[in-house]
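One file, upload10.txt, carrying compact mmCIF, C-alpha atoms and all ligand atoms:
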# COMPACT_ATOMS: atom_id res chain seq x y z
CA MET A 1475 84.29 2.64 16.39
CA ALA A 1476 81.25 1.96 14.24
CA ASP A 1477 81.94 0.79 10.75
CA ILE A 1478 80.70 3.55 8.45
CA GLU A 1479 80.43 1.22 5.50
CA GLN A 1480 78.29 -1.18 7.51
CA LEU A 1481 76.01 1.63 8.73
CA ALA A 1482 75.61 2.91 5.19
CA ARG A 1483 74.87 -0.59 3.85
CA ASP A 1484 72.20 -1.16 6.52
CA ALA A 1485 70.60 2.18 5.80
CA ARG A 1486 70.68 1.59 2.06
CA ALA A 1487 69.12 -1.86 2.40
CA GLU A 1488 66.21 -0.50 4.39
CA LEU A 1489 65.68 2.45 2.05
CA GLU A 1490 65.71 0.12 -0.95
CA ALA A 1491 63.18 -2.17 0.67
CA ALA A 1492 60.64 0.67 0.86
CA THR A 1493 57.94 0.31 -1.82
CA THR A 1494 55.87 3.38 -1.02
CA VAL A 1495 56.59 7.02 -0.30
CA ALA A 1496 55.38 6.46 3.26
CA GLU A 1497 57.72 3.51 3.83
CA LEU A 1498 60.63 5.47 2.34
CA ASP A 1499 59.93 8.41 4.63
CA ALA A 1500 59.86 6.11 7.65
CA ALA A 1501 63.20 4.54 6.70
CA LYS A 1502 64.67 7.99 6.05
CA VAL A 1503 63.64 9.16 9.55
CA ARG A 1504 65.21 6.05 11.07
CA HIS A 1505 68.57 6.43 9.27
CA LEU A 1506 68.97 10.06 8.31
CA GLY A 1507 66.91 11.67 11.06
CA LYS A 1508 68.37 13.17 14.25
CA SER A 1509 68.87 9.80 15.89
CA GLY A 1510 70.02 7.85 12.87
CA PRO A 1511 73.21 5.88 13.71
CA LEU A 1512 75.27 7.62 11.04
CA VAL A 1513 73.97 11.04 12.04
CA LEU A 1514 74.77 10.38 15.68
CA LEU A 1515 78.26 9.24 14.76
CA LEU A 1516 78.93 12.42 12.77
CA GLY A 1517 77.52 14.54 15.59
CA ASP A 1518 79.86 12.89 18.05
CA ILE A 1519 83.01 13.38 15.99
CA ARG A 1520 84.77 15.63 18.47
CA ASN A 1521 84.87 12.80 20.99
CA LEU A 1522 86.81 10.56 18.63
CA PRO A 1523 90.58 10.24 18.79
CA PRO A 1524 91.98 13.10 16.71
CA GLU A 1525 93.56 10.77 14.14
CA ASP A 1526 90.16 9.24 13.30
CA ARG A 1527 88.19 12.46 13.05
CA GLY A 1528 89.30 13.31 9.53
CA HIS A 1529 88.40 10.16 7.68
CA VAL A 1530 85.27 9.43 9.75
CA GLY A 1531 84.03 12.92 9.00
CA LYS A 1532 84.83 12.61 5.35
CA GLU A 1533 83.53 9.09 4.74
CA GLY A 1534 80.52 9.67 6.99
CA ASN A 1535 79.48 12.81 5.13
CA VAL A 1536 79.95 11.15 1.76
CA ALA A 1537 77.87 8.18 2.87
CA ARG A 1538 75.18 10.49 4.25
CA ARG A 1539 75.05 12.56 1.06
CA GLN A 1540 74.77 9.43 -1.08
CA LEU A 1541 71.94 8.16 1.06
CA GLU A 1542 70.18 11.51 0.88
CA GLU A 1543 70.57 11.59 -2.89
CA TYR A 1544 69.16 8.08 -3.11
CA VAL A 1545 66.17 9.08 -0.95
CA ALA A 1546 65.48 12.14 -3.11
CA ALA A 1547 65.66 10.20 -6.39
CA ARG A 1548 63.74 7.15 -5.12
CA GLY A 1549 61.17 9.37 -3.43
CA ALA A 1550 60.43 11.14 -6.70
CA GLU A 1551 60.16 7.79 -8.47
CA LEU A 1552 57.74 6.36 -5.93
CA ALA A 1553 55.66 9.54 -5.85
CA ASP A 1554 55.37 9.48 -9.65
CA ALA A 1555 54.31 5.85 -9.61
CA GLU A 1556 51.72 6.52 -6.95
CA LEU A 1557 50.31 9.44 -8.88
CA ASP A 1558 50.14 7.35 -12.05
CA ALA A 1559 48.27 4.63 -10.19
CA GLN A 1560 45.81 7.13 -8.78
CA VAL A 1561 45.17 8.71 -12.18
CA ALA A 1562 44.58 5.27 -13.64
CA ARG A 1563 42.10 4.53 -10.86
CA ASP A 1564 40.25 7.83 -11.17
CA VAL A 1565 40.04 7.80 -14.91
CA VAL A 1566 37.09 9.69 -16.43
CA ASP A 1567 36.04 8.63 -19.89
CA MET A 1568 34.79 11.81 -21.48
CA THR A 1569 33.39 9.86 -24.42
CA LEU A 1570 30.88 7.87 -22.35
CA PRO A 1571 27.26 8.95 -22.77
CA ALA A 1572 25.87 10.71 -19.70
CA ARG A 1573 23.96 8.55 -17.23
CA ALA A 1574 20.23 8.92 -17.73
CA VAL A 1575 18.47 10.78 -14.93
CA PRO A 1576 15.22 8.94 -14.23
CA GLN A 1577 12.30 11.26 -14.87
CA GLY A 1578 8.81 10.84 -13.50
CA THR A 1579 5.79 10.83 -15.76
CA LEU A 1580 2.20 11.82 -15.17
CA HIS A 1581 -0.09 9.18 -13.73
CA LEU A 1582 -2.77 7.96 -16.10
CA LEU A 1583 -5.44 9.59 -13.94
CA THR A 1584 -3.72 12.96 -14.13
CA GLN A 1585 -3.41 12.59 -17.90
CA THR A 1586 -7.08 11.73 -18.18
CA ARG A 1587 -8.14 14.60 -15.93
CA ARG A 1588 -6.08 17.05 -17.98
CA LEU A 1589 -7.52 15.71 -21.21
CA LEU A 1590 -11.06 16.28 -19.92
CA GLU A 1591 -10.12 19.74 -18.70
CA ASP A 1592 -8.56 20.59 -22.07
CA ILE A 1593 -11.69 19.63 -23.97
CA PHE A 1594 -13.81 21.90 -21.78
CA LEU A 1595 -11.29 24.72 -21.77
CA GLY A 1596 -11.54 24.55 -25.56
CA MET A 1597 -15.28 25.04 -25.28
CA GLY A 1598 -14.86 28.12 -23.11
CA TYR A 1599 -15.41 26.53 -19.71
CA ALA A 1600 -13.35 27.41 -16.62
CA VAL A 1601 -11.78 24.76 -14.38
CA ILE A 1602 -12.64 25.37 -10.74
CA ASP A 1603 -11.75 23.81 -7.38
CA ALA A 1604 -14.00 22.81 -4.50
CA PRO A 1605 -13.57 21.13 -1.09
CA GLU A 1606 -13.66 17.38 -0.53
CA VAL A 1607 -14.80 17.77 3.07
CA GLU A 1608 -18.25 19.29 2.98
CA SER A 1609 -21.13 19.98 5.30
CA GLU A 1610 -24.28 17.95 5.01
CA TRP A 1611 -25.91 21.09 3.60
CA TYR A 1612 -23.61 21.22 0.57
CA GLY A 1613 -23.51 17.44 0.28
CA PHE A 1614 -27.24 16.84 0.36
CA SER A 1615 -29.72 19.45 1.59
CA ALA A 1616 -28.86 22.18 -0.91
CA LEU A 1617 -28.72 19.55 -3.65
CA ASN A 1618 -32.40 18.91 -2.99
CA THR A 1619 -31.67 15.52 -1.45
CA PRO A 1620 -34.22 15.03 1.34
CA VAL A 1621 -33.70 13.68 4.82
CA GLY A 1622 -34.20 9.94 4.68
CA HIS A 1623 -32.62 9.63 1.23
CA PRO A 1624 -30.43 6.49 1.34
CA ALA A 1625 -27.32 8.44 0.29
CA ARG A 1626 -27.50 10.40 3.57
CA ASN A 1627 -27.19 7.20 5.56
CA PRO A 1628 -23.85 6.67 7.33
CA THR A 1629 -23.72 3.21 5.77
CA ASP A 1630 -23.32 4.97 2.40
CA THR A 1631 -21.47 8.14 3.29
CA PHE A 1632 -18.40 8.79 5.44
CA TYR A 1633 -19.39 11.15 8.24
CA ILE A 1634 -16.50 12.98 9.86
CA GLU A 1635 -18.43 14.57 12.71
CA GLY A 1636 -21.84 15.75 13.78
CA HIS A 1637 -24.03 13.05 12.34
CA ASP A 1638 -27.39 13.21 14.09
CA ALA A 1639 -28.96 9.75 14.01
CA ASN A 1640 -32.15 10.90 15.76
CA ALA A 1641 -33.00 13.93 13.67
CA GLY A 1642 -31.68 12.12 10.60
CA ALA A 1643 -30.01 15.31 9.44
CA ASN A 1644 -27.71 18.04 10.65
CA ASP A 1645 -26.79 20.57 7.99
CA ASP A 1646 -23.56 21.38 9.82
CA ALA A 1647 -22.34 17.79 10.06
CA LEU A 1648 -19.13 17.15 8.12
CA ILE A 1649 -18.90 14.48 5.45
CA LEU A 1650 -16.54 13.39 2.74
CA ARG A 1651 -18.47 14.42 -0.35
CA THR A 1652 -19.95 11.57 -2.36
CA GLN A 1653 -20.15 13.46 -5.65
CA THR A 1654 -18.57 16.48 -7.29
CA SER A 1655 -22.05 18.03 -7.66
CA THR A 1656 -21.26 19.93 -4.45
CA ALA A 1657 -19.02 22.13 -6.60
CA GLN A 1658 -22.12 23.43 -8.39
CA LEU A 1659 -23.26 25.13 -5.19
CA ARG A 1660 -19.82 26.45 -4.30
CA THR A 1661 -19.39 28.03 -7.73
CA MET A 1662 -22.83 29.57 -7.89
CA GLN A 1663 -22.36 31.09 -4.44
CA LEU A 1664 -19.17 32.79 -5.64
CA THR A 1665 -20.20 33.78 -9.16
CA LYS A 1666 -23.11 35.45 -10.86
CA PRO A 1667 -24.59 33.81 -13.98
CA PRO A 1668 -23.81 33.19 -16.76
CA LEU A 1669 -21.24 30.57 -15.88
CA TYR A 1670 -19.67 27.60 -17.62
CA VAL A 1671 -17.44 25.55 -15.35
CA VAL A 1672 -16.03 22.08 -14.81
CA HIS A 1673 -14.68 20.66 -11.59
CA PRO A 1674 -12.61 17.48 -11.45
CA GLY A 1675 -11.98 15.95 -8.04
CA ARG A 1676 -12.11 13.10 -5.58
CA VAL A 1677 -15.29 11.67 -4.11
CA TYR A 1678 -15.81 9.10 -1.38
CA ARG A 1679 -18.39 6.40 -0.78
CA ARG A 1680 -18.67 3.57 1.69
CA ASP A 1681 -18.38 0.93 -1.01
CA ASP A 1682 -16.61 -2.40 -0.82
CA ILE A 1683 -13.64 -2.36 -3.13
CA ASP A 1684 -13.76 -4.56 -6.22
CA ALA A 1685 -12.90 -4.31 -9.92
CA THR A 1686 -15.45 -1.57 -10.54
CA HIS A 1687 -15.94 -0.01 -7.09
CA SER A 1688 -13.69 1.96 -4.80
CA ASP A 1689 -14.30 3.95 -1.63
CA MET A 1690 -12.46 6.83 -3.32
CA PHE A 1691 -12.70 7.67 -6.98
CA HIS A 1692 -12.77 10.66 -9.31
CA GLN A 1693 -15.51 12.56 -11.04
CA MET A 1694 -15.72 15.60 -13.20
CA GLU A 1695 -18.71 17.86 -12.84
CA ALA A 1696 -19.85 20.26 -15.53
CA LEU A 1697 -22.25 23.11 -14.92
CA ALA A 1698 -23.62 25.67 -17.34
CA VAL A 1699 -26.02 28.39 -16.20
CA ASP A 1700 -27.32 31.02 -18.56
CA GLU A 1701 -30.52 32.44 -19.93
CA GLY A 1702 -32.45 30.04 -22.13
CA LEU A 1703 -30.40 26.86 -21.74
CA THR A 1704 -32.32 23.69 -22.61
CA LEU A 1705 -31.80 19.94 -22.75
CA ALA A 1706 -30.80 20.42 -26.39
CA HIS A 1707 -27.78 22.45 -25.27
CA LEU A 1708 -26.90 19.68 -22.83
CA LYS A 1709 -27.07 17.07 -25.56
CA GLY A 1710 -25.06 19.16 -28.01
CA THR A 1711 -22.38 19.78 -25.40
CA MET A 1712 -22.20 16.06 -24.62
CA GLU A 1713 -21.86 15.17 -28.29
CA GLN A 1714 -19.02 17.62 -28.72
CA PHE A 1715 -17.31 16.46 -25.52
CA LEU A 1716 -17.69 12.69 -25.98
CA GLY A 1717 -16.84 12.83 -29.67
CA THR A 1718 -13.57 14.58 -28.85
CA LEU A 1719 -12.89 12.22 -25.95
CA PHE A 1720 -13.46 8.92 -27.75
CA GLY A 1721 -12.73 10.05 -31.27
CA GLY A 1722 -15.25 10.45 -34.04
CA LYS A 1723 -18.86 11.41 -34.33
CA LEU A 1724 -20.71 9.31 -31.79
CA GLU A 1725 -24.43 9.16 -31.10
CA ILE A 1726 -25.69 10.10 -27.65
CA ARG A 1727 -28.71 8.41 -26.11
CA LEU A 1728 -30.54 10.02 -23.20
CA ARG A 1729 -32.59 7.80 -20.89
CA THR A 1730 -34.91 9.26 -18.27
CA HIS A 1731 -33.63 8.87 -14.77
CA PHE A 1732 -33.88 10.53 -11.39
CA PHE A 1733 -31.38 12.69 -9.58
CA PRO A 1734 -32.62 14.93 -6.75
CA PHE A 1735 -30.76 18.01 -8.01
CA THR A 1736 -31.89 17.94 -11.65
CA GLU A 1737 -35.31 18.11 -13.29
CA PRO A 1738 -35.61 16.47 -15.71
CA SER A 1739 -32.75 14.03 -15.09
CA VAL A 1740 -31.19 11.73 -17.61
CA GLU A 1741 -28.57 9.09 -17.89
CA ALA A 1742 -26.49 9.47 -20.99
CA ASP A 1743 -25.13 6.62 -23.07
CA VAL A 1744 -22.61 7.10 -25.83
CA GLN A 1745 -22.46 4.91 -28.89
CA CYS A 1746 -19.73 2.33 -28.37
CA PHE A 1747 -16.54 3.62 -29.94
CA ASN A 1748 -15.17 0.10 -30.33
CA CYS A 1749 -17.96 -1.51 -32.38
CA MET A 1750 -19.55 1.79 -33.47
CA GLY A 1751 -22.82 0.62 -31.98
CA SER A 1752 -23.15 -2.77 -33.67
CA GLY A 1753 -22.51 -4.72 -30.47
CA ARG A 1754 -20.33 -7.17 -32.40
CA ALA A 1755 -16.59 -7.53 -31.98
CA PRO A 1756 -14.87 -5.60 -34.77
CA GLU A 1757 -12.80 -7.61 -37.24
CA GLY A 1758 -9.40 -8.49 -35.76
CA ASP A 1759 -10.31 -7.22 -32.28
CA ALA A 1760 -8.27 -9.00 -29.63
CA GLN A 1761 -10.56 -11.36 -27.76
CA GLY A 1762 -9.75 -13.28 -24.59
CA GLU A 1763 -10.16 -16.98 -24.08
CA GLY A 1764 -13.72 -18.25 -24.45
CA ALA A 1765 -14.78 -14.90 -25.89
CA SER A 1766 -17.93 -14.60 -27.89
CA ASP A 1767 -18.29 -12.40 -30.94
CA LYS A 1768 -19.78 -9.67 -28.74
CA CYS A 1769 -17.93 -6.38 -28.49
CA ARG A 1770 -15.94 -6.52 -25.25
CA VAL A 1771 -16.15 -2.78 -24.52
CA CYS A 1772 -19.97 -2.46 -24.49
CA ARG A 1773 -20.58 -6.20 -23.89
CA GLY A 1774 -22.76 -6.39 -26.95
CA GLU A 1775 -24.98 -3.48 -25.96
CA GLY A 1776 -23.77 -1.06 -28.62
CA TRP A 1777 -23.97 1.71 -26.00
CA ILE A 1778 -21.79 2.71 -23.06
CA GLU A 1779 -23.39 4.21 -19.99
CA ILE A 1780 -21.25 7.23 -19.37
CA MET A 1781 -22.83 9.88 -17.15
CA GLY A 1782 -25.65 11.30 -15.12
CA ALA A 1783 -27.05 14.66 -16.19
CA GLY A 1784 -30.01 16.93 -16.21
CA MET A 1785 -31.40 20.44 -16.01
CA VAL A 1786 -30.57 22.11 -12.72
CA ASP A 1787 -33.52 21.83 -10.33
CA PRO A 1788 -35.07 25.20 -9.36
CA ASN A 1789 -34.64 24.23 -5.71
CA VAL A 1790 -30.88 24.14 -6.20
CA PHE A 1791 -30.94 27.62 -7.73
CA GLU A 1792 -32.99 28.80 -4.80
CA ALA A 1793 -30.51 27.37 -2.29
CA VAL A 1794 -27.74 29.59 -3.72
CA GLY A 1795 -29.91 32.63 -4.40
CA TYR A 1796 -30.16 32.32 -8.21
CA ASP A 1797 -33.38 33.41 -9.88
CA ALA A 1798 -34.83 30.25 -11.43
CA ASP A 1799 -37.29 32.32 -13.44
CA ARG A 1800 -34.52 34.14 -15.20
CA VAL A 1801 -31.79 31.51 -15.68
CA SER A 1802 -31.68 27.82 -16.45
CA GLY A 1803 -28.81 25.42 -16.48
CA PHE A 1804 -27.61 21.95 -17.23
CA ALA A 1805 -25.16 19.79 -15.34
CA PHE A 1806 -23.53 16.44 -15.63
CA GLY A 1807 -21.08 14.25 -13.82
CA ILE A 1808 -18.67 11.76 -15.37
CA GLY A 1809 -16.32 9.24 -13.76
CA ILE A 1810 -12.71 10.06 -14.60
CA ASP A 1811 -11.46 6.61 -13.57
CA ARG A 1812 -14.07 4.99 -15.79
CA VAL A 1813 -13.06 7.17 -18.74
CA ALA A 1814 -9.45 6.04 -18.25
CA MET A 1815 -10.56 2.39 -18.15
CA LEU A 1816 -12.63 2.76 -21.30
CA ARG A 1817 -10.04 4.66 -23.29
CA HIS A 1818 -7.19 2.34 -22.34
CA ASP A 1819 -9.14 -0.87 -22.23
CA PHE A 1820 -8.41 -2.35 -18.82
CA PRO A 1821 -11.05 -4.04 -16.70
CA ASP A 1822 -9.97 -3.36 -13.11
CA LEU A 1823 -10.27 0.02 -11.44
CA ARG A 1824 -7.82 -1.01 -8.73
CA HIS A 1825 -4.91 -0.75 -11.17
CA LEU A 1826 -5.30 3.01 -10.92
CA PHE A 1827 -4.67 3.10 -7.18
CA GLN A 1828 -2.26 0.26 -6.48
CA ASN A 1829 0.64 2.00 -8.19
CA ASP A 1830 2.19 -1.19 -9.47
CA LEU A 1831 4.96 0.16 -11.70
CA ARG A 1832 4.31 -2.57 -14.27
CA PHE A 1833 0.93 -0.91 -14.84
CA VAL A 1834 1.93 2.71 -14.34
CA ARG A 1835 4.80 2.49 -16.83
CA GLN A 1836 2.49 1.41 -19.62
CA PHE A 1837 1.07 4.93 -19.70
CA PRO A 1838 4.04 7.29 -19.70
CA GLY A 1839 2.57 10.78 -19.74
CA ARG A 1840 4.89 13.67 -20.47
CA PRO A 1841 4.66 16.35 -17.80
N1 LIG B 1 -23.64 13.32 -8.99
C1 LIG B 1 -24.18 12.21 -9.74
C2 LIG B 1 -23.52 10.91 -9.26
O1 LIG B 1 -22.52 10.96 -8.64
C3 LIG B 1 -23.94 12.39 -11.20
C4 LIG B 1 -24.70 13.54 -11.74
C5 LIG B 1 -26.01 13.39 -12.16
C6 LIG B 1 -24.14 14.79 -11.83
C7 LIG B 1 -26.73 14.41 -12.67
C8 LIG B 1 -24.85 15.86 -12.33
C9 LIG B 1 -26.16 15.65 -12.75
O2 LIG B 1 -24.34 17.06 -12.45
O3 LIG B 1 -26.84 16.68 -13.26
O4 LIG B 1 -24.03 9.86 -9.54
Structure re-expressed in structure tokens:
Amino acid sequence: MADIEQLARDARAELEAATTVAELDAAKVRHLGKSGPLVLLLGDIRNLPPEDRGHVGKEGNVARRQLEEYVAARGAELADAELDAQVARDVVDMTLPARAVPQGTLHLLTQTRRLLEDIFLGMGYAVIDAPEVESEWYGFSALNTPVGHPARNPTDTFYIEGHDANAGANDDALILRTQTSTAQLRTMQLTKPPLYVVHPGRVYRRDDIDATHSDMFHQMEALAVDEGLTLAHLKGTMEQFLGTLFGGKLEIRLRTHFFPFTEPSVEADVQCFNCMGSGRAPEGDAQGEGASDKCRVCRGEGWIEIMGAGMVDPNVFEAVGYDADRVSGFAFGIGIDRVAMLRHDFPDLRHLFQNDLRFVRQFPGRP
């Protein structure tokens, strides 16, 4: 006959060796489950000699109850300990500051575009949109740019389809526009005069990329059409615009020039905002190695070439069905990228497109 004490000792030793709830459960199944030695012995009691049945039953049941009590108490202990360990692991410190959520900022070009838009909105202009893919008609013909003009050459302009090398022109051919002046036509076709609009957008040219050239860059076009507009209105508008943009009252200088879609045409220079026109580096101005005492923004010129402009050519009005005898208008185009470079004093256009975070992060613009 099995020794009850021995069975109980074996069971107890294994239960005590368990260090986790799972181990304890396993040991409990082995010793107190249906096929545990002690359980089997108690279940088999009727096959024992009658004189043994009494004390085996009694001692066996006592031993079993003690083991069950041990399992219950130890199980609770182990479960508590495991819970404590888990809580310690999962601890949340409510006093820690929240983790910062990284937030994007506006790219310098977007900031600059919005600044330009704001200035014109303040002067009563509307901001309009226009396509980047245009027909040769919008790109050149309707802008009074004749067949044979170098800009119409596929070495200067990206043709998408339909370029006719023999005829030299196909008004339906598709190009990437080379200037935002195309927006003038689009607006006039949709709106009756008077109108005062600006259009910022991308333009494309077949240029080799260097510090001051890119095959894609940004311009903003302004167009005003009304009765009685003159070059004086153009100049006054420029003074207001450029003064707000660069800060202060700055002189404007108009030089005669030629653009096919304006007559007369001018190039406009603005007095250098860094040296105020003197051409000499202002006192305390940061100068690079080997620098002269010339102003680095205008390179000693005193003036900054800033935009092309002019009075809208009657042929352009005719192309969109405006009456050139009744209305007149002025227009100009300014490089947005160049404005950003001037205002923030960096010499390489490519910084704007390479998206090197070391550059981008220097101009955090709030959305
Ligand atoms: N479209 C010209 C360019 O890209 C700039 C320009 C000149 C725009 C005269 C105008 C203008 O509106 O009147 O060089």
Sorted by chain and rising residue number, which residues of segment 1649-1697 of chain A lie within 6 Å of segment 1626-1636 of chain A, and what are their closest atom pairs and distances in Å to one decimal, counting all atoms listed in the file, as a Markdown table?
| residue | atom | partner | partner_atom | distance |
| --- | --- | --- | --- | --- |
| A:Ile1649 | CA | A:Tyr1633 | CA | 4.4 |
| A:Leu1650 | CA | A:Phe1632 | CA | 5.6 |
| A:Arg1679 | CA | A:Thr1631 | CA | 5.4 |
| A:Arg1680 | CA | A:Asp1630 | CA | 4.9 |
- Item | Option closest in space to ligand LIG 1 (chain B), from A:Val1536, A:Ile1808, A:Ala1555, A:Ile1726 [counting only C-alpha atoms and all ligand atoms] |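 Nearest candidate to ligand LIG 1 (chain B) out of A:Val1536, A:Ile1808, A:Ala1555, A:Ile1726: A:Ile1808.
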- Message: Report as number ranges by chain all protein, DNA and RNA residues lying within 8 Å of segment 1537-1548 of chain A, evaluated on all atoms listed in the file, omitting residues in the same chain fewer than 2 positions from it.
- Response: A: 1478-1479, 1482, 1485-1486, 1489, 1498, 1502, 1506, 1512-1513, 1533-1535, 1550-1552
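With distances restricted to only C-alpha atoms, A:Asn1618 is the closest residue to Glu1792 of chain A from A:Thr1656, A:Gln1836, A:Asn1640, A:Asn1618.
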Would you list the contacts of segment 1596-1612 of chain A as a PDB file with C-alpha atoms, in the coordinates of the input, taking every protein, DNA or RNA residue within 10 Å and counting only C-alpha atoms, but skipping same-chain residues closer than 3 positions in sequence?
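Final output, saved to out-v9.pdb:
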ATOM      1  CA  GLU A1591     -10.120  19.740 -18.700  1.00  0.00           C
ATOM      2  CA  ASP A1592      -8.560  20.590 -22.070  1.00  0.00           C
ATOM      3  CA  ILE A1593     -11.690  19.630 -23.970  1.00  0.00           C
ATOM      4  CA  SER A1615     -29.720  19.450   1.590  1.00  0.00           C
ATOM      5  CA  ALA A1616     -28.860  22.180  -0.910  1.00  0.00           C
ATOM      6  CA  LEU A1617     -28.720  19.550  -3.650  1.00  0.00           C
ATOM      7  CA  ASN A1618     -32.400  18.910  -2.990  1.00  0.00           C
ATOM      8  CA  THR A1619     -31.670  15.520  -1.450  1.00  0.00           C
ATOM      9  CA  ARG A1626     -27.500  10.400   3.570  1.00  0.00           C
ATOM     10  CA  PHE A1632     -18.400   8.790   5.440  1.00  0.00           C
ATOM     11  CA  TYR A1633     -19.390  11.150   8.240  1.00  0.00           C
ATOM     12  CA  ILE A1634     -16.500  12.980   9.860  1.00  0.00           C
ATOM     13  CA  GLU A1635     -18.430  14.570  12.710  1.00  0.00           C
ATOM     14  CA  GLY A1636     -21.840  15.750  13.780  1.00  0.00           C
ATOM     15  CA  HIS A1637     -24.030  13.050  12.340  1.00  0.00           C
ATOM     16  CA  ALA A1643     -30.010  15.310   9.440  1.00  0.00           C
ATOM     17  CA  ASN A1644     -27.710  18.040  10.650  1.00  0.00           C
ATOM     18  CA  ASP A1645     -26.790  20.570   7.990  1.00  0.00           C
ATOM     19  CA  ASP A1646     -23.560  21.380   9.820  1.00  0.00           C
ATOM     20  CA  ALA A1647     -22.340  17.790  10.060  1.00  0.00           C
ATOM     21  CA  LEU A1648     -19.130  17.150   8.120  1.00  0.00           C
ATOM     22  CA  ILE A1649     -18.900  14.480   5.450  1.00  0.00           C
ATOM     23  CA  LEU A1650     -16.540  13.390   2.740  1.00  0.00           C
ATOM     24  CA  ARG A1651     -18.470  14.420  -0.350  1.00  0.00           C
ATOM     25  CA  THR A1652     -19.950  11.570  -2.360  1.00  0.00           C
ATOM     26  CA  GLN A1653     -20.150  13.460  -5.650  1.00  0.00           C
ATOM     27  CA  THR A1654     -18.570  16.480  -7.290  1.00  0.00           C
ATOM     28  CA  SER A1655     -22.050  18.030  -7.660  1.00  0.00           C
ATOM     29  CA  THR A1656     -21.260  19.930  -4.450  1.00  0.00           C
ATOM     30  CA  ALA A1657     -19.020  22.130  -6.600  1.00  0.00           C
ATOM     31  CA  GLN A1658     -22.120  23.430  -8.390  1.00  0.00           C
ATOM     32  CA  LEU A1659     -23.260  25.130  -5.190  1.00  0.00           C
ATOM     33  CA  ARG A1660     -19.820  26.450  -4.300  1.00  0.00           C
ATOM     34  CA  THR A1661     -19.390  28.030  -7.730  1.00  0.00           C
ATOM     35  CA  LEU A1669     -21.240  30.570 -15.880  1.00  0.00           C
ATOM     36  CA  TYR A1670     -19.670  27.600 -17.620  1.00  0.00           C
ATOM     37  CA  VAL A1671     -17.440  25.550 -15.350  1.00  0.00           C
ATOM     38  CA  VAL A1672     -16.030  22.080 -14.810  1.00  0.00           C
ATOM     39  CA  HIS A1673     -14.680  20.660 -11.590  1.00  0.00           C
ATOM     40  CA  PRO A1674     -12.610  17.480 -11.450  1.00  0.00           C
ATOM     41  CA  GLY A1675     -11.980  15.950  -8.040  1.00  0.00           C
ATOM     42  CA  ARG A1676     -12.110  13.100  -5.580  1.00  0.00           C
ATOM     43  CA  VAL A1677     -15.290  11.670  -4.110  1.00  0.00           C
ATOM     44  CA  TYR A1678     -15.810   9.100  -1.380  1.00  0.00           C
ATOM     45  CA  GLU A1695     -18.710  17.860 -12.840  1.00  0.00           C
ATOM     46  CA  ALA A1696     -19.850  20.260 -15.530  1.00  0.00           C
ATOM     47  CA  LEU A1697     -22.250  23.110 -14.920  1.00  0.00           C
ATOM     48  CA  ALA A1698     -23.620  25.670 -17.340  1.00  0.00           C
ATOM     49  CA  THR A1711     -22.380  19.780 -25.400  1.00  0.00           C
ATOM     50  CA  GLN A1714     -19.020  17.620 -28.720  1.00  0.00           C
ATOM     51  CA  PHE A1715     -17.310  16.460 -25.520  1.00  0.00           C
ATOM     52  CA  ALA A1793     -30.510  27.370  -2.290  1.00  0.00           C
TER      53      ALA A1793
END
- Selection within 6 Å of ligand LIG 1 (chain B) by only C-alpha atoms and all ligand atoms, output as a list in words: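 Written in the requested form, the residues are Gln1653, Ser1655, Glu1695, Phe1733, Thr1736, Gly1782, Ala1783, Gly1784, Ala1805, Phe1806 and Gly1807 of chain A.
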- Task: Scan for residues within 10 Å of the point (-29.3, 17.2, -22.8) in the coordinates of the file, using only C-alpha atoms, and reply as number ranges by chain.
- Result: A: 1703-1713, 1726-1728, 1738-1742, 1783-1785, 1804-1806
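The spacing separating atom CA of Gly1578 of chain A from atom CA of Gln1828 of chain A amounts to 16.8 Å.
Among the candidate residues A:Ala1487, A:Leu1823, A:Ala1496, A:Val1503, the one lying nearest to Ala1685 of chain A is A:Leu1823, with distances computed using all atoms listed in the file.
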- Looking at all atoms listed in the file, which of A:Arg1817, A:Lys1532, A:Lys1768, A:His1505 is the one that sits closest to Thr1718 of chain A?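 The closest residue to Thr1718 of chain A is A:Arg1817.
Remark: for Phe1614 of chain A, the closest of the candidate residues A:Gly1507, A:Pro1523, A:Gly1717, A:Pro1734 is A:Pro1734 (distances computed over all atoms listed in the file).
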- Gap from atom CA of Thr1579 of chain A to atom CA of Leu1831 of chain A - Å, one decimal: 11.4 Å
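Using only C-alpha atoms, the shortest contact distance between Val1495 of chain A and any of A:Gly1839, A:Gly1809, A:Gly1549, A:Pro1788 is found at A:Gly1549.
In this model, the gap between atom CA of Asp1743 of chain A and atom CA of Leu1816 of chain A comes to 13.2 Å.
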- Task: Quick one: everything within 12 Å of Ile1683 of chain A, counting only C-alpha atoms, minus sequence neighbours fewer than 6 positions away in the same chain. Send it as a list in words.
- Result: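 So the residues in contact are Asp1689, Met1690, Phe1691, Asp1822, Leu1823, Arg1824, His1825 and Phe1827 of chain A.
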What would the file look like if the residues just selected were written as a JSON list (two decimals), in the coordinates of the input with C-alpha atoms?
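Saved result, selection_35.json, follows:
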[["chain", "number", "residue", "atom", "x", "y", "z"],
["A", 1689, "ASP", "CA", -14.30, 3.95, -1.63],
["A", 1690, "MET", "CA", -12.46, 6.83, -3.32],
["A", 1691, "PHE", "CA", -12.70, 7.67, -6.98],
["A", 1822, "ASP", "CA", -9.97, -3.36, -13.11],
["A", 1823, "LEU", "CA", -10.27, 0.02, -11.44],
["A", 1824, "ARG", "CA", -7.82, -1.01, -8.73],
["A", 1825, "HIS", "CA", -4.91, -0.75, -11.17],
["A", 1827, "PHE", "CA", -4.67, 3.10, -7.18]]
